[in-house]
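For reference, model26.pdb (PDB, C-alpha atoms and all ligand atoms):
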```pdb
ATOM      1  CA  MET S   1      72.641 -40.868  46.010  1.00  0.00           C
ATOM      2  CA  ALA S   2      71.624 -37.759  44.050  1.00  0.00           C
ATOM      3  CA  GLU S   3      68.063 -37.535  42.781  1.00  0.00           C
ATOM      4  CA  GLU S   4      67.474 -38.246  39.099  1.00  0.00           C
ATOM      5  CA  THR S   5      65.981 -35.716  36.680  1.00  0.00           C
ATOM      6  CA  ILE S   6      64.509 -35.921  33.194  1.00  0.00           C
ATOM      7  CA  PHE S   7      68.095 -35.956  31.883  1.00  0.00           C
ATOM      8  CA  SER S   8      68.610 -39.485  33.278  1.00  0.00           C
ATOM      9  CA  LYS S   9      65.663 -40.629  31.164  1.00  0.00           C
ATOM     10  CA  ILE S  10      67.299 -39.029  28.109  1.00  0.00           C
ATOM     11  CA  ILE S  11      70.594 -40.831  28.861  1.00  0.00           C
ATOM     12  CA  ARG S  12      68.750 -44.152  29.123  1.00  0.00           C
ATOM     13  CA  LYS S  13      66.673 -43.307  26.007  1.00  0.00           C
ATOM     14  CA  GLU S  14      63.447 -43.740  27.966  1.00  0.00           C
ATOM     15  CA  ILE S  15      62.061 -40.522  26.460  1.00  0.00           C
ATOM     16  CA  PRO S  16      62.587 -39.157  22.956  1.00  0.00           C
ATOM     17  CA  SER S  17      65.427 -36.699  22.378  1.00  0.00           C
ATOM     18  CA  ASP S  18      67.793 -35.737  19.604  1.00  0.00           C
ATOM     19  CA  ILE S  19      71.036 -37.280  20.863  1.00  0.00           C
ATOM     20  CA  LEU S  20      74.081 -36.098  18.903  1.00  0.00           C
ATOM     21  CA  TYR S  21      76.745 -37.917  20.894  1.00  0.00           C
ATOM     22  CA  GLN S  22      76.972 -40.496  23.670  1.00  0.00           C
ATOM     23  CA  ASP S  23      79.818 -42.426  25.264  1.00  0.00           C
ATOM     24  CA  GLU S  24      80.504 -44.049  28.621  1.00  0.00           C
ATOM     25  CA  LEU S  25      80.948 -40.685  30.360  1.00  0.00           C
ATOM     26  CA  VAL S  26      78.730 -38.083  28.676  1.00  0.00           C
ATOM     27  CA  THR S  27      75.651 -37.540  26.515  1.00  0.00           C
ATOM     28  CA  ALA S  28      74.876 -34.583  24.223  1.00  0.00           C
ATOM     29  CA  PHE S  29      71.454 -33.738  22.800  1.00  0.00           C
ATOM     30  CA  ARG S  30      69.645 -30.798  21.217  1.00  0.00           C
ATOM     31  CA  ASP S  31      67.920 -28.468  23.667  1.00  0.00           C
ATOM     32  CA  ILE S  32      64.144 -28.847  23.455  1.00  0.00           C
ATOM     33  CA  SER S  33      63.739 -25.067  23.600  1.00  0.00           C
ATOM     34  CA  PRO S  34      66.658 -23.727  21.558  1.00  0.00           C
ATOM     35  CA  ARG S  35      67.839 -20.193  22.359  1.00  0.00           C
ATOM     36  CA  ALA S  36      70.157 -20.048  19.281  1.00  0.00           C
ATOM     37  CA  PRO S  37      70.362 -21.798  15.875  1.00  0.00           C
ATOM     38  CA  THR S  38      72.650 -24.352  17.522  1.00  0.00           C
ATOM     39  CA  HIS S  39      71.757 -25.188  21.124  1.00  0.00           C
ATOM     40  CA  VAL S  40      73.123 -28.452  22.436  1.00  0.00           C
ATOM     41  CA  VAL S  41      73.128 -29.666  26.057  1.00  0.00           C
ATOM     42  CA  ILE S  42      76.113 -31.778  27.113  1.00  0.00           C
ATOM     43  CA  ILE S  43      75.817 -33.702  30.373  1.00  0.00           C
ATOM     44  CA  PRO S  44      77.746 -36.234  32.432  1.00  0.00           C
ATOM     45  CA  ASN S  45      75.999 -39.611  32.529  1.00  0.00           C
ATOM     46  CA  LYS S  46      76.560 -39.549  36.284  1.00  0.00           C
ATOM     47  CA  VAL S  47      74.026 -37.481  38.235  1.00  0.00           C
ATOM     48  CA  ILE S  48      75.778 -34.431  39.689  1.00  0.00           C
ATOM     49  CA  PRO S  49      73.042 -31.975  40.729  1.00  0.00           C
ATOM     50  CA  THR S  50      74.980 -28.693  40.601  1.00  0.00           C
ATOM     51  CA  VAL S  51      78.484 -27.351  40.075  1.00  0.00           C
ATOM     52  CA  ASN S  52      78.634 -27.112  43.878  1.00  0.00           C
ATOM     53  CA  ASP S  53      78.477 -30.930  44.025  1.00  0.00           C
ATOM     54  CA  ILE S  54      81.466 -31.593  41.730  1.00  0.00           C
ATOM     55  CA  GLU S  55      84.226 -33.733  43.254  1.00  0.00           C
ATOM     56  CA  GLU S  56      87.867 -34.251  42.270  1.00  0.00           C
ATOM     57  CA  ASP S  57      86.956 -37.720  40.957  1.00  0.00           C
ATOM     58  CA  ASP S  58      84.707 -36.041  38.381  1.00  0.00           C
ATOM     59  CA  GLU S  59      87.525 -34.158  36.665  1.00  0.00           C
ATOM     60  CA  VAL S  60      87.967 -36.622  33.779  1.00  0.00           C
ATOM     61  CA  THR S  61      84.230 -36.742  33.107  1.00  0.00           C
ATOM     62  CA  LEU S  62      83.922 -32.966  33.195  1.00  0.00           C
ATOM     63  CA  GLY S  63      86.920 -32.569  30.915  1.00  0.00           C
ATOM     64  CA  ARG S  64      85.046 -34.779  28.447  1.00  0.00           C
ATOM     65  CA  LEU S  65      82.272 -32.158  28.334  1.00  0.00           C
ATOM     66  CA  PHE S  66      84.769 -29.761  26.754  1.00  0.00           C
ATOM     67  CA  THR S  67      86.236 -32.176  24.210  1.00  0.00           C
ATOM     68  CA  VAL S  68      82.707 -33.144  23.125  1.00  0.00           C
ATOM     69  CA  ALA S  69      81.729 -29.452  22.937  1.00  0.00           C
ATOM     70  CA  ARG S  70      84.720 -28.815  20.692  1.00  0.00           C
ATOM     71  CA  LYS S  71      83.822 -31.759  18.415  1.00  0.00           C
ATOM     72  CA  LEU S  72      80.144 -30.819  18.192  1.00  0.00           C
ATOM     73  CA  ALA S  73      80.931 -27.161  17.495  1.00  0.00           C
ATOM     74  CA  LYS S  74      82.972 -28.318  14.504  1.00  0.00           C
ATOM     75  CA  GLN S  75      80.269 -30.778  13.425  1.00  0.00           C
ATOM     76  CA  GLU S  76      77.614 -28.046  13.661  1.00  0.00           C
ATOM     77  CA  GLY S  77      79.783 -25.684  11.592  1.00  0.00           C
ATOM     78  CA  ILE S  78      80.055 -23.016  14.294  1.00  0.00           C
ATOM     79  CA  ALA S  79      83.648 -23.518  15.429  1.00  0.00           C
ATOM     80  CA  GLU S  80      85.210 -20.786  13.302  1.00  0.00           C
ATOM     81  CA  ASP S  81      82.603 -18.068  13.890  1.00  0.00           C
ATOM     82  CA  GLY S  82      82.493 -18.949  17.565  1.00  0.00           C
ATOM     83  CA  TYR S  83      80.079 -20.027  20.223  1.00  0.00           C
ATOM     84  CA  ARG S  84      79.347 -19.832  23.945  1.00  0.00           C
ATOM     85  CA  LEU S  85      79.537 -22.521  26.644  1.00  0.00           C
ATOM     86  CA  ILE S  86      77.378 -21.911  29.724  1.00  0.00           C
ATOM     87  CA  MET S  87      76.834 -23.780  33.000  1.00  0.00           C
ATOM     88  CA  ASN S  88      74.142 -22.400  35.296  1.00  0.00           C
ATOM     89  CA  CYS S  89      74.249 -23.056  39.044  1.00  0.00           C
ATOM     90  CA  ASN S  90      71.271 -22.875  41.404  1.00  0.00           C
ATOM     91  CA  SER S  91      68.540 -20.243  41.375  1.00  0.00           C
ATOM     92  CA  HIS S  92      70.595 -17.080  40.834  1.00  0.00           C
ATOM     93  CA  GLY S  93      72.380 -18.833  37.980  1.00  0.00           C
ATOM     94  CA  GLY S  94      69.042 -19.713  36.391  1.00  0.00           C
ATOM     95  CA  GLN S  95      69.465 -23.489  36.712  1.00  0.00           C
ATOM     96  CA  GLU S  96      66.235 -25.360  35.908  1.00  0.00           C
ATOM     97  CA  VAL S  97      67.382 -28.984  35.679  1.00  0.00           C
ATOM     98  CA  TYR S  98      69.410 -30.242  38.644  1.00  0.00           C
ATOM     99  CA  HIS S  99      71.774 -32.477  36.684  1.00  0.00           C
ATOM    100  CA  ILE S 100      74.764 -30.389  35.667  1.00  0.00           C
ATOM    101  CA  HIS S 101      74.977 -29.547  31.999  1.00  0.00           C
ATOM    102  CA  MET S 102      76.968 -27.458  29.598  1.00  0.00           C
ATOM    103  CA  HIS S 103      75.007 -25.409  27.055  1.00  0.00           C
ATOM    104  CA  LEU S 104      76.681 -25.118  23.637  1.00  0.00           C
ATOM    105  CA  LEU S 105      75.170 -22.112  21.863  1.00  0.00           C
ATOM    106  CA  GLY S 106      76.020 -20.632  18.481  1.00  0.00           C
ATOM    107  CA  GLY S 107      75.024 -20.029  14.904  1.00  0.00           C
ATOM    108  CA  LYS S 108      74.538 -16.255  15.272  1.00  0.00           C
ATOM    109  CA  PRO S 109      76.199 -13.389  17.158  1.00  0.00           C
ATOM    110  CA  LEU S 110      75.103 -14.005  20.753  1.00  0.00           C
ATOM    111  CA  GLY S 111      75.516 -10.470  22.066  1.00  0.00           C
ATOM    112  CA  PRO S 112      76.622  -9.537  25.555  1.00  0.00           C
ATOM    113  CA  LEU S 113      77.042 -12.238  28.164  1.00  0.00           C
ATOM    114  CA  LEU S 114      74.165 -11.157  30.397  1.00  0.00           C
ATOM    115  CA  MET S 115      70.836 -10.099  28.946  1.00  0.00           C
ATOM    116  CA  GLY S 116      67.959  -8.986  31.159  1.00  0.00           C
TER     117      GLY S 116
HETATM  118  P1  LIG H   1      69.205 -24.796  32.767  1.00  0.00           P
HETATM  119  O1  LIG H   1      68.254 -23.629  32.790  1.00  0.00           O
HETATM  120  O2  LIG H   1      70.635 -24.365  32.663  1.00  0.00           O
HETATM  121  O3  LIG H   1      68.954 -25.764  33.886  1.00  0.00           O
HETATM  122  O4  LIG H   1      68.924 -25.524  31.397  1.00  0.00           O
HETATM  123  C1  LIG H   1      68.093 -26.649  31.258  1.00  0.00           C
HETATM  124  C2  LIG H   1      67.874 -26.803  29.778  1.00  0.00           C
HETATM  125  O5  LIG H   1      67.353 -28.090  29.546  1.00  0.00           O
HETATM  126  C3  LIG H   1      66.889 -25.780  29.203  1.00  0.00           C
HETATM  127  O6  LIG H   1      67.539 -25.035  28.174  1.00  0.00           O
HETATM  128  C4  LIG H   1      65.754 -26.653  28.683  1.00  0.00           C
HETATM  129  O7  LIG H   1      65.188 -26.152  27.488  1.00  0.00           O
HETATM  130  C5  LIG H   1      66.446 -27.990  28.474  1.00  0.00           C
HETATM  131  N1  LIG H   1      65.570 -29.144  28.540  1.00  0.00           N
HETATM  132  C6  LIG H   1      64.690 -29.443  29.521  1.00  0.00           C
HETATM  133  N2  LIG H   1      64.061 -30.604  29.250  1.00  0.00           N
HETATM  134  C7  LIG H   1      64.573 -31.052  28.085  1.00  0.00           C
HETATM  135  C8  LIG H   1      64.344 -32.197  27.274  1.00  0.00           C
HETATM  136  N3  LIG H   1      63.440 -33.129  27.604  1.00  0.00           N
HETATM  137  N4  LIG H   1      65.048 -32.343  26.132  1.00  0.00           N
HETATM  138  C9  LIG H   1      65.963 -31.412  25.781  1.00  0.00           C
HETATM  139  N5  LIG H   1      66.239 -30.313  26.500  1.00  0.00           N
HETATM  140  C10 LIG H   1      65.546 -30.124  27.624  1.00  0.00           C
END
```
I'd like the structure from this file rewritten - as structure tokens, please.
Ligand code: AMP
Amino acid sequence: MAEETIFSKIIRKEIPSDILYQDELVTAFRDISPRAPTHVVIIPNKVIPTVNDIEEDDEVTLGRLFTVARKLAKQEGIAEDGYRLIMNCNSHGGQEVYHIHMHLLGGKPLGPLLMG
């Protein structure tokens, strides 16, 4: 059983967060430290610590991350100008919270993929 993080508390609404979308598979909420005008974090409700821990059985859930990203990008008004989806893995990837998540970033030109 994978260890829970603060994201499990957000899913269960045990701590405050700005949830934009939730269903039986995924939850999406605004990043507490936004790096762009729109910065949403989309996570599976199931605890999967890193991309390395994904299993074939997770494919439907992980596909849902993309359909929710597409819907939220439209809702946030950034679909036409464009946006970036990021998943960080482990220390070299810059992962801080060990519950996989997709970052949805947009609302301004984001520049080159890797900065610094
Ligand atoms: P990562 O570096 O890819 O692991 O990203 C983790 C993200 O979660 C960071 O962008 C944090 O700002 C964000 N984050 C951490 N705690 C919270 C929280 N309580 N509510 C919303 N976002 C959070």
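Selection of all polymer residues within 7 Å of ligand LIG 1 (chain H) on the basis of all atoms listed in the file gives S:Ile6, S:Phe7, S:Ser17, S:Phe29, S:Arg30, S:Asp31, S:Ile32, S:Ser33, S:Pro34, S:Val41, S:Met87, S:Asn88, S:Gly94, S:Gln95, S:Glu96, S:Val97, S:Tyr98, S:His101.
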Please work out which residues fall within 7 Å of (79.5, -19.3, 19.7), coordinates as given in the file, with all atoms listed in the file counting, and return them as a list in words.
Ile78, Asp81, Gly82, Tyr83, Arg84, Leu105, Gly106, Gly107 and Leu110 of chain S
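Distance-wise, atom CA of Lys71 of chain S and atom CA of His92 of chain S end up 29.9 Å apart.
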Between atom CA of Asn45 of chain S and atom CA of Gly77 of chain S, measure the distance and give it in Å to one decimal.
25.4 Å
Quick one: residues within 7 Å of Leu85 of chain S, all atoms listed in the file, excluding same-chain residues fewer than 6 positions away - as a list in words?
Met102, His103, Leu104 and Leu105 of chain S
Write to file, as a PDB file, in the coordinates of the input, the residues of the selection just made, with C-alpha atoms.
```pdb
ATOM      1  CA  MET S 102      76.968 -27.458  29.598  1.00  0.00           C
ATOM      2  CA  HIS S 103      75.007 -25.409  27.055  1.00  0.00           C
ATOM      3  CA  LEU S 104      76.681 -25.118  23.637  1.00  0.00           C
ATOM      4  CA  LEU S 105      75.170 -22.112  21.863  1.00  0.00           C
TER       5      LEU S 105
END
```
Output of the PyMOL selection byres (((chain S and resi 61-69) around 7) and not hetatm), listed as a PyMOL selection string
chain S and resi 25-26+42-44+58-60+70-73+104
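When all atoms listed in the file are used to measure the gap to Ala2 of chain S, the shortest distance among S:Cys89, S:Ile54, S:Val47, S:Leu113 belongs to S:Val47.
Residue nearest Ile86 of chain S, chosen from S:Asp23, S:Val40, S:Lys108, S:Met1 and counting only C-alpha atoms: S:Val40.
What separates atom CA of Arg12 of chain S from atom CA of Asp53 of chain S is a distance of 22.2 Å.
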Near Lys9 of chain S, counting all atoms listed in the file, which residues have an atom at most 12 Å away, once you skip same-chain residues fewer than 4 positions from it, shown as a PDB file with C-alpha atoms, keeping the file's coordinate frame?
```pdb
ATOM      1  CA  GLU S   4      67.474 -38.246  39.099  1.00  0.00           C
ATOM      2  CA  THR S   5      65.981 -35.716  36.680  1.00  0.00           C
ATOM      3  CA  LYS S  13      66.673 -43.307  26.007  1.00  0.00           C
ATOM      4  CA  GLU S  14      63.447 -43.740  27.966  1.00  0.00           C
ATOM      5  CA  ILE S  15      62.061 -40.522  26.460  1.00  0.00           C
ATOM      6  CA  PRO S  16      62.587 -39.157  22.956  1.00  0.00           C
ATOM      7  CA  SER S  17      65.427 -36.699  22.378  1.00  0.00           C
ATOM      8  CA  THR S  27      75.651 -37.540  26.515  1.00  0.00           C
ATOM      9  CA  ASN S  45      75.999 -39.611  32.529  1.00  0.00           C
ATOM     10  CA  VAL S  47      74.026 -37.481  38.235  1.00  0.00           C
ATOM     11  CA  HIS S  99      71.774 -32.477  36.684  1.00  0.00           C
TER      12      HIS S  99
END
```
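Shortest separation to Ile10 of chain S among S:Gln22, S:His39, S:Pro109, S:Lys74 occurs at residue S:Gln22, atoms counted being all atoms listed in the file.
With only C-alpha atoms as the atoms that count, the residue of S:Leu114, S:Gln75, S:Pro49, S:Glu55 with the shortest distance to Tyr21 of chain S is S:Gln75.
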Box centre and edge lengths (Å, one decimal), axis-aligned, segment 101-109 of chain S plus 5 Å each side, as JSON:
```
{"center_x": 75.8, "center_y": -21.5, "center_z": 23.5, "size_x": 12.4, "size_y": 26.2, "size_z": 27.1}
```
